[in-house]
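Here is upload_30.pdb, consisting of PDB, C-alpha atoms and all ligand atoms:
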```
ATOM      1  CA  MET A 196     -51.472   2.278 -21.338
ATOM      2  CA  SER A 197     -48.825   0.191 -22.964
ATOM      3  CA  LEU A 198     -46.444   1.658 -25.472
ATOM      4  CA  THR A 199     -48.105  -0.083 -28.381
ATOM      5  CA  GLU A 200     -51.556   1.141 -27.311
ATOM      6  CA  ASN A 201     -50.437   4.754 -27.371
ATOM      7  CA  PRO A 202     -52.258   6.414 -30.300
ATOM      8  CA  VAL A 203     -49.157   8.454 -31.034
ATOM      9  CA  HIS A 204     -47.408   5.266 -32.099
ATOM     10  CA  GLN A 205     -50.212   3.460 -33.888
ATOM     11  CA  ASP A 206     -49.200   4.737 -37.286
ATOM     12  CA  ILE A 207     -45.648   3.654 -36.665
ATOM     13  CA  LEU A 208     -46.704   0.136 -35.698
ATOM     14  CA  GLN A 209     -48.394  -0.210 -39.045
ATOM     15  CA  GLN A 210     -45.120   0.455 -40.744
ATOM     16  CA  SER A 211     -42.394  -2.016 -41.422
ATOM     17  CA  ARG A 212     -39.218  -2.056 -39.405
ATOM     18  CA  GLY A 213     -37.604  -0.511 -42.451
ATOM     19  CA  ASP A 214     -39.930   2.465 -42.315
ATOM     20  CA  ASN A 215     -39.264   2.856 -38.615
ATOM     21  CA  ASN A 216     -35.542   2.740 -39.248
ATOM     22  CA  ARG A 217     -35.860   5.455 -41.838
ATOM     23  CA  LEU A 218     -37.650   7.616 -39.276
ATOM     24  CA  LEU A 219     -34.864   6.967 -36.796
ATOM     25  CA  GLN A 220     -32.220   7.798 -39.377
ATOM     26  CA  ARG A 221     -33.963  11.029 -40.297
ATOM     27  CA  ALA A 222     -34.258  11.985 -36.623
ATOM     28  CA  TYR A 223     -30.552  11.333 -36.198
ATOM     29  CA  GLU A 224     -29.539  13.283 -39.261
ATOM     30  CA  THR A 225     -31.743  16.271 -38.505
ATOM     31  CA  ARG A 226     -30.975  16.150 -34.773
ATOM     32  CA  GLU A 227     -34.671  15.970 -33.871
ATOM     33  CA  LEU A 228     -35.188  16.175 -30.128
ATOM     34  CA  VAL A 229     -38.545  14.381 -30.369
ATOM     35  CA  THR A 230     -39.456  11.609 -32.800
ATOM     36  CA  ASN A 231     -42.385   9.268 -33.284
ATOM     37  CA  ALA A 232     -40.002   6.492 -34.245
ATOM     38  CA  MET A 233     -39.815   3.466 -31.972
ATOM     39  CA  PRO A 234     -36.625   1.802 -30.692
ATOM     40  CA  SER A 235     -35.022  -0.518 -33.213
ATOM     41  CA  HIS A 236     -32.832  -2.050 -30.523
ATOM     42  CA  ILE A 237     -33.578  -2.828 -26.870
ATOM     43  CA  TRP A 238     -31.645  -4.059 -23.843
ATOM     44  CA  ILE A 239     -33.126  -6.626 -21.450
ATOM     45  CA  GLU A 240     -31.594  -7.943 -18.224
ATOM     46  CA  PRO A 241     -32.482 -11.643 -17.676
ATOM     47  CA  THR A 242     -31.059 -11.471 -14.149
ATOM     48  CA  ASN A 243     -28.942  -9.276 -11.915
ATOM     49  CA  ARG A 244     -27.459 -12.280 -10.121
ATOM     50  CA  CYS A 245     -23.923 -13.407 -10.854
ATOM     51  CA  ASN A 246     -21.581 -16.205  -9.908
ATOM     52  CA  ALA A 247     -18.399 -14.127 -10.293
ATOM     53  CA  ARG A 248     -16.973 -11.272  -8.235
ATOM     54  CA  CYS A 249     -15.442  -8.792 -10.630
ATOM     55  CA  PRO A 250     -14.171  -5.798  -8.623
ATOM     56  CA  LEU A 251     -15.249  -3.303 -11.301
ATOM     57  CA  CYS A 252     -18.876  -4.409 -11.289
ATOM     58  CA  PRO A 253     -21.544  -3.298  -8.786
ATOM     59  CA  THR A 254     -22.987  -6.802  -8.778
ATOM     60  CA  GLY A 255     -19.604  -8.458  -8.384
ATOM     61  CA  ASN A 256     -18.282  -6.094  -5.717
ATOM     62  CA  GLY A 257     -21.563  -5.985  -3.808
ATOM     63  CA  GLU A 258     -22.254  -2.260  -4.290
ATOM     64  CA  SER A 259     -25.547  -2.868  -6.058
ATOM     65  CA  VAL A 260     -28.473  -2.673  -3.662
ATOM     66  CA  ARG A 261     -31.063  -3.745  -6.201
ATOM     67  CA  PRO A 262     -33.045  -6.808  -5.096
ATOM     68  CA  LYS A 263     -31.794  -9.937  -6.862
ATOM     69  CA  SER A 264     -34.271 -11.327  -9.316
ATOM     70  CA  MET A 265     -34.848 -13.386 -12.442
ATOM     71  CA  LEU A 266     -36.916 -12.190 -15.374
ATOM     72  CA  PRO A 267     -39.747 -14.699 -15.932
ATOM     73  CA  LEU A 268     -40.131 -16.106 -19.440
ATOM     74  CA  ASP A 269     -43.758 -14.985 -19.613
ATOM     75  CA  THR A 270     -42.762 -11.390 -18.892
ATOM     76  CA  PHE A 271     -40.077 -11.584 -21.537
ATOM     77  CA  LYS A 272     -42.576 -12.914 -24.066
ATOM     78  CA  SER A 273     -44.995 -10.079 -23.332
ATOM     79  CA  ILE A 274     -42.217  -7.588 -24.036
ATOM     80  CA  VAL A 275     -41.367  -9.255 -27.345
ATOM     81  CA  ASP A 276     -45.031  -9.405 -28.308
ATOM     82  CA  GLU A 277     -45.167  -5.655 -27.820
ATOM     83  CA  VAL A 278     -41.978  -4.567 -29.537
ATOM     84  CA  TYR A 279     -41.305  -7.015 -32.354
ATOM     85  CA  PRO A 280     -43.196  -5.046 -35.046
ATOM     86  CA  TYR A 281     -40.487  -2.378 -35.014
ATOM     87  CA  THR A 282     -37.584  -3.704 -32.928
ATOM     88  CA  GLU A 283     -34.942  -5.640 -34.828
ATOM     89  CA  SER A 284     -32.485  -6.671 -32.149
ATOM     90  CA  MET A 285     -31.838  -6.953 -28.441
ATOM     91  CA  ASN A 286     -28.999  -7.382 -25.995
ATOM     92  CA  LEU A 287     -29.758  -9.919 -23.286
ATOM     93  CA  TRP A 288     -27.578  -8.949 -20.363
ATOM     94  CA  ASN A 289     -26.817  -6.035 -18.096
ATOM     95  CA  ILE A 290     -25.286  -6.359 -14.652
ATOM     96  CA  GLY A 291     -25.498 -10.084 -14.048
ATOM     97  CA  GLU A 292     -24.688 -13.427 -15.650
ATOM     98  CA  PRO A 293     -27.608 -14.063 -18.033
ATOM     99  CA  PHE A 294     -27.182 -17.845 -18.185
ATOM    100  CA  LEU A 295     -28.031 -18.092 -14.486
ATOM    101  CA  ASN A 296     -31.581 -17.571 -15.685
ATOM    102  CA  GLN A 297     -32.701 -21.037 -16.716
ATOM    103  CA  GLU A 298     -35.198 -19.471 -19.102
ATOM    104  CA  LEU A 299     -32.556 -17.731 -21.218
ATOM    105  CA  PHE A 300     -32.534 -20.357 -23.964
ATOM    106  CA  GLY A 301     -36.295 -20.034 -24.256
ATOM    107  CA  MET A 302     -36.010 -16.232 -24.402
ATOM    108  CA  ILE A 303     -33.497 -16.402 -27.244
ATOM    109  CA  ALA A 304     -35.650 -18.880 -29.130
ATOM    110  CA  TYR A 305     -38.778 -16.766 -28.686
ATOM    111  CA  ALA A 306     -37.028 -13.634 -29.923
ATOM    112  CA  SER A 307     -35.629 -15.583 -32.882
ATOM    113  CA  GLN A 308     -39.101 -16.819 -33.762
ATOM    114  CA  HIS A 309     -40.091 -13.154 -33.979
ATOM    115  CA  LYS A 310     -37.140 -12.471 -36.274
ATOM    116  CA  MET A 311     -35.256 -10.422 -33.718
ATOM    117  CA  ALA A 312     -31.477 -10.665 -33.554
ATOM    118  CA  THR A 313     -30.121 -11.534 -30.103
ATOM    119  CA  ARG A 314     -26.767 -10.893 -28.460
ATOM    120  CA  VAL A 315     -25.662 -12.355 -25.100
ATOM    121  CA  SER A 316     -22.559 -11.627 -23.054
ATOM    122  CA  THR A 317     -21.402 -14.270 -20.577
ATOM    123  CA  ASN A 318     -18.518 -14.998 -18.253
ATOM    124  CA  GLY A 319     -18.452 -18.438 -19.866
ATOM    125  CA  PHE A 320     -19.301 -20.723 -16.951
ATOM    126  CA  VAL A 321     -22.266 -22.075 -18.898
ATOM    127  CA  PHE A 322     -19.965 -23.932 -21.280
ATOM    128  CA  TYR A 323     -18.742 -26.338 -18.625
ATOM    129  CA  ASP A 324     -21.817 -28.263 -19.572
ATOM    130  CA  GLN A 325     -21.273 -29.372 -23.186
ATOM    131  CA  SER A 326     -24.979 -29.770 -23.777
ATOM    132  CA  ASN A 327     -25.449 -26.036 -23.257
ATOM    133  CA  ILE A 328     -23.358 -25.342 -26.353
ATOM    134  CA  GLU A 329     -25.730 -27.393 -28.458
ATOM    135  CA  ARG A 330     -28.731 -25.775 -26.822
ATOM    136  CA  LEU A 331     -27.286 -22.375 -27.590
ATOM    137  CA  VAL A 332     -26.750 -23.195 -31.253
ATOM    138  CA  ASP A 333     -30.270 -24.563 -31.501
ATOM    139  CA  SER A 334     -31.734 -21.491 -29.797
ATOM    140  CA  GLY A 335     -30.980 -19.245 -32.788
ATOM    141  CA  LEU A 336     -28.654 -16.849 -30.945
ATOM    142  CA  THR A 337     -27.118 -14.283 -33.299
ATOM    143  CA  ASP A 338     -24.050 -13.054 -31.366
ATOM    144  CA  LEU A 339     -22.200 -14.349 -28.336
ATOM    145  CA  VAL A 340     -19.726 -12.324 -26.276
ATOM    146  CA  VAL A 341     -17.454 -14.124 -23.806
ATOM    147  CA  SER A 342     -16.053 -11.614 -21.331
ATOM    148  CA  LEU A 343     -12.657 -12.244 -19.716
ATOM    149  CA  ASP A 344     -10.683  -9.756 -17.647
ATOM    150  CA  GLY A 345      -7.206 -11.032 -18.443
ATOM    151  CA  THR A 346      -4.981 -14.040 -18.890
ATOM    152  CA  THR A 347      -4.216 -14.866 -15.297
ATOM    153  CA  ALA A 348      -6.415 -16.315 -12.614
ATOM    154  CA  ASP A 349      -7.820 -13.550 -10.446
ATOM    155  CA  LYS A 350      -9.035 -14.781  -7.098
ATOM    156  CA  LYS A 351     -11.050 -11.588  -6.649
ATOM    157  CA  ARG A 352     -13.068 -12.309  -9.726
ATOM    158  CA  ILE A 353     -13.104 -16.023 -10.145
ATOM    159  CA  LYS A 354     -14.488 -18.455  -7.638
ATOM    160  CA  ASN A 355     -13.150 -21.971  -7.383
ATOM    161  CA  GLY A 356     -10.405 -21.578  -9.984
ATOM    162  CA  TRP A 357     -12.726 -21.224 -12.973
ATOM    163  CA  PHE A 358     -10.284 -19.267 -15.026
ATOM    164  CA  ARG A 359      -7.605 -21.949 -15.001
ATOM    165  CA  LEU A 360     -10.182 -24.379 -16.316
ATOM    166  CA  GLU A 361     -11.661 -21.989 -18.852
ATOM    167  CA  ILE A 362      -8.356 -21.077 -20.440
ATOM    168  CA  GLY A 363      -7.890 -24.724 -21.339
ATOM    169  CA  TRP A 364     -10.773 -24.712 -23.851
TER     170      TRP A 364
HETATM  171  S1  LIG B 401     -19.198 -11.621 -14.659
HETATM  172 FE1  LIG B 401     -20.157  -9.702 -15.370
HETATM  173  S2  LIG B 401     -22.007  -9.433 -14.105
HETATM  174 FE2  LIG B 401     -20.709 -10.974 -13.094
HETATM  175  S3  LIG B 401     -19.549  -9.802 -11.576
HETATM  176 FE3  LIG B 401     -18.299  -9.941 -13.462
HETATM  177  S4  LIG B 401     -18.796  -8.071 -14.655
HETATM  178 FE4  LIG B 401     -20.392  -8.331 -13.070
END
```
Please go through the file and, once you have read it, give me the structure as structure tokens.
Ligand code: SF4
Amino acid sequence: MSLTENPVHQDILQQSRGDNNRLLQRAYETRELVTNAMPSHIWIEPTNRCNARCPLCPTGNGESVRPKSMLPLDTFKSIVDEVYPYTESMNLWNIGEPFLNQELFGMIAYASQHKMATRVSTNGFVFYDQSNIERLVDSGLTDLVVSLDGTTADKKRIKNGWFRLEIGW
């Protein structure tokens, strides 16, 4: 049974996101351990692959044993179809570089069409291709985070001298 088919949540799905948020707020204020409210924010990992080698990161340093994979666009859409009645926003990254998933622009656009705010964090390699900047603007992305470790090139993290190129933006 999917989350939205669960009878416990049917009444909630009939409510607006505002009503759901009020339930969440009340649960927070009264320290309820159990609530019928649904998540107003979710976190989705488009991929756990990365093209950098940050020593602090289980993907970058090789400690992660999870199989490498890409989230298919169809799977992403099915998630959005299920959660958009009550979920207002999502983060689209976890332990991986999200723009390695070629479907990311389509994911952002689909979420935007369902009036969900989107936030992506990237190591910035995607902007070597100027056309990606325009695609990103057109996608409807709400927030963009560009993550840098420091102001000097770090051979452990950066392959092929990326950082020296990136800092010249
Ligand atoms: S860029 Fe991000 S995901 Fe990639 S290795 Fe560094 S911290 Fe991990």
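The closest residue to ligand LIG 401 (chain B), picked from A:Cys249, A:Ile239, A:Ala304, A:Ala312 and counting all atoms listed in the file, is A:Cys249.
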Reference answer for the PyMOL selection byres (((chain A and resi 243) around 9) and not hetatm), as a VMD selection string = chain A and resid 240 to 242 244 to 245 254 261 to 265 288 to 293
Surrounding residues as a PyMOL selection string, ligand LIG 401 (chain B), max 12 Å, only C-alpha atoms and all ligand atoms = chain A and resi 240-259+288-295+315-321+340-344+349+351-354+357-358
Please dump the current selection as a PDB file, keeping the file's coordinate frame; keep C-alpha atoms.
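Final output, again-v9.pdb:
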```pdb
ATOM      1  CA  GLU A 240     -31.594  -7.943 -18.224  1.00  0.00           C
ATOM      2  CA  PRO A 241     -32.482 -11.643 -17.676  1.00  0.00           C
ATOM      3  CA  THR A 242     -31.059 -11.471 -14.149  1.00  0.00           C
ATOM      4  CA  ASN A 243     -28.942  -9.276 -11.915  1.00  0.00           C
ATOM      5  CA  ARG A 244     -27.459 -12.280 -10.121  1.00  0.00           C
ATOM      6  CA  CYS A 245     -23.923 -13.407 -10.854  1.00  0.00           C
ATOM      7  CA  ASN A 246     -21.581 -16.205  -9.908  1.00  0.00           C
ATOM      8  CA  ALA A 247     -18.399 -14.127 -10.293  1.00  0.00           C
ATOM      9  CA  ARG A 248     -16.973 -11.272  -8.235  1.00  0.00           C
ATOM     10  CA  CYS A 249     -15.442  -8.792 -10.630  1.00  0.00           C
ATOM     11  CA  PRO A 250     -14.171  -5.798  -8.623  1.00  0.00           C
ATOM     12  CA  LEU A 251     -15.249  -3.303 -11.301  1.00  0.00           C
ATOM     13  CA  CYS A 252     -18.876  -4.409 -11.289  1.00  0.00           C
ATOM     14  CA  PRO A 253     -21.544  -3.298  -8.786  1.00  0.00           C
ATOM     15  CA  THR A 254     -22.987  -6.802  -8.778  1.00  0.00           C
ATOM     16  CA  GLY A 255     -19.604  -8.458  -8.384  1.00  0.00           C
ATOM     17  CA  ASN A 256     -18.282  -6.094  -5.717  1.00  0.00           C
ATOM     18  CA  GLY A 257     -21.563  -5.985  -3.808  1.00  0.00           C
ATOM     19  CA  GLU A 258     -22.254  -2.260  -4.290  1.00  0.00           C
ATOM     20  CA  SER A 259     -25.547  -2.868  -6.058  1.00  0.00           C
ATOM     21  CA  TRP A 288     -27.578  -8.949 -20.363  1.00  0.00           C
ATOM     22  CA  ASN A 289     -26.817  -6.035 -18.096  1.00  0.00           C
ATOM     23  CA  ILE A 290     -25.286  -6.359 -14.652  1.00  0.00           C
ATOM     24  CA  GLY A 291     -25.498 -10.084 -14.048  1.00  0.00           C
ATOM     25  CA  GLU A 292     -24.688 -13.427 -15.650  1.00  0.00           C
ATOM     26  CA  PRO A 293     -27.608 -14.063 -18.033  1.00  0.00           C
ATOM     27  CA  PHE A 294     -27.182 -17.845 -18.185  1.00  0.00           C
ATOM     28  CA  LEU A 295     -28.031 -18.092 -14.486  1.00  0.00           C
ATOM     29  CA  VAL A 315     -25.662 -12.355 -25.100  1.00  0.00           C
ATOM     30  CA  SER A 316     -22.559 -11.627 -23.054  1.00  0.00           C
ATOM     31  CA  THR A 317     -21.402 -14.270 -20.577  1.00  0.00           C
ATOM     32  CA  ASN A 318     -18.518 -14.998 -18.253  1.00  0.00           C
ATOM     33  CA  GLY A 319     -18.452 -18.438 -19.866  1.00  0.00           C
ATOM     34  CA  PHE A 320     -19.301 -20.723 -16.951  1.00  0.00           C
ATOM     35  CA  VAL A 321     -22.266 -22.075 -18.898  1.00  0.00           C
ATOM     36  CA  VAL A 340     -19.726 -12.324 -26.276  1.00  0.00           C
ATOM     37  CA  VAL A 341     -17.454 -14.124 -23.806  1.00  0.00           C
ATOM     38  CA  SER A 342     -16.053 -11.614 -21.331  1.00  0.00           C
ATOM     39  CA  LEU A 343     -12.657 -12.244 -19.716  1.00  0.00           C
ATOM     40  CA  ASP A 344     -10.683  -9.756 -17.647  1.00  0.00           C
ATOM     41  CA  ASP A 349      -7.820 -13.550 -10.446  1.00  0.00           C
ATOM     42  CA  LYS A 351     -11.050 -11.588  -6.649  1.00  0.00           C
ATOM     43  CA  ARG A 352     -13.068 -12.309  -9.726  1.00  0.00           C
ATOM     44  CA  ILE A 353     -13.104 -16.023 -10.145  1.00  0.00           C
ATOM     45  CA  LYS A 354     -14.488 -18.455  -7.638  1.00  0.00           C
ATOM     46  CA  TRP A 357     -12.726 -21.224 -12.973  1.00  0.00           C
ATOM     47  CA  PHE A 358     -10.284 -19.267 -15.026  1.00  0.00           C
TER      48      PHE A 358
END
```
Given the PyMOL selection byres (((chain A and resi 217) around 12) and not hetatm), the residues it picks as an mmCIF file with C-alpha atoms, in the frame of the given file:
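Contents of the output file selection34.cif:
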```cif
data_model
loop_
_atom_site.group_PDB
_atom_site.id
_atom_site.type_symbol
_atom_site.label_atom_id
_atom_site.label_comp_id
_atom_site.auth_asym_id
_atom_site.auth_seq_id
_atom_site.Cartn_x
_atom_site.Cartn_y
_atom_site.Cartn_z
ATOM 1 C CA ILE A 207 -45.648 3.654 -36.665
ATOM 2 C CA GLN A 210 -45.120 0.455 -40.744
ATOM 3 C CA SER A 211 -42.394 -2.016 -41.422
ATOM 4 C CA ARG A 212 -39.218 -2.056 -39.405
ATOM 5 C CA GLY A 213 -37.604 -0.511 -42.451
ATOM 6 C CA ASP A 214 -39.930 2.465 -42.315
ATOM 7 C CA ASN A 215 -39.264 2.856 -38.615
ATOM 8 C CA ASN A 216 -35.542 2.740 -39.248
ATOM 9 C CA LEU A 218 -37.650 7.616 -39.276
ATOM 10 C CA LEU A 219 -34.864 6.967 -36.796
ATOM 11 C CA GLN A 220 -32.220 7.798 -39.377
ATOM 12 C CA ARG A 221 -33.963 11.029 -40.297
ATOM 13 C CA ALA A 222 -34.258 11.985 -36.623
ATOM 14 C CA TYR A 223 -30.552 11.333 -36.198
ATOM 15 C CA GLU A 224 -29.539 13.283 -39.261
ATOM 16 C CA THR A 230 -39.456 11.609 -32.800
ATOM 17 C CA ASN A 231 -42.385 9.268 -33.284
ATOM 18 C CA ALA A 232 -40.002 6.492 -34.245
ATOM 19 C CA MET A 233 -39.815 3.466 -31.972
ATOM 20 C CA PRO A 234 -36.625 1.802 -30.692
ATOM 21 C CA SER A 235 -35.022 -0.518 -33.213
ATOM 22 C CA TYR A 281 -40.487 -2.378 -35.014
#
```
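Restricting the calculation to all atoms listed in the file, the smallest distance between Thr282 in chain A and any of A:Leu268, A:Ile237, A:Val260, A:Met302 is found for A:Ile237.
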Atom-to-atom span, CA of Phe300 in chain A and CA of Gln325 in chain A, Å =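 According to the coordinates, CA of Phe300 in chain A and CA of Gln325 in chain A are separated by 14.4 Å.
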One decimal, Å: what's the distance from CA of His309 in chain A over to CA of Glu227 in chain A, could you say?
->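 Distance reported for this atom pair: 29.6 Å.
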Would you please work out which residue, of A:Asp324, A:Val332, A:Phe271, A:Asp338, is nearest to Ala306 in chain A when using all atoms listed in the file?
->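 Checking each candidate against Ala306 in chain A, we get A:Phe271 as the closest.
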Go through the shown structure with the PyMOL selection byres (((chain A and resi 275) around 10) and not hetatm) and write out the matching residues as a ChimeraX atom specification.
-> /A:269-274,276-280,282,285,302,305-306,309,311
Gap from CA of Arg314 in chain A to CA of Ser326 in chain A - Å, one decimal |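 Atom-to-atom, CA of Arg314 in chain A to CA of Ser326 in chain A, that is 19.5 Å.
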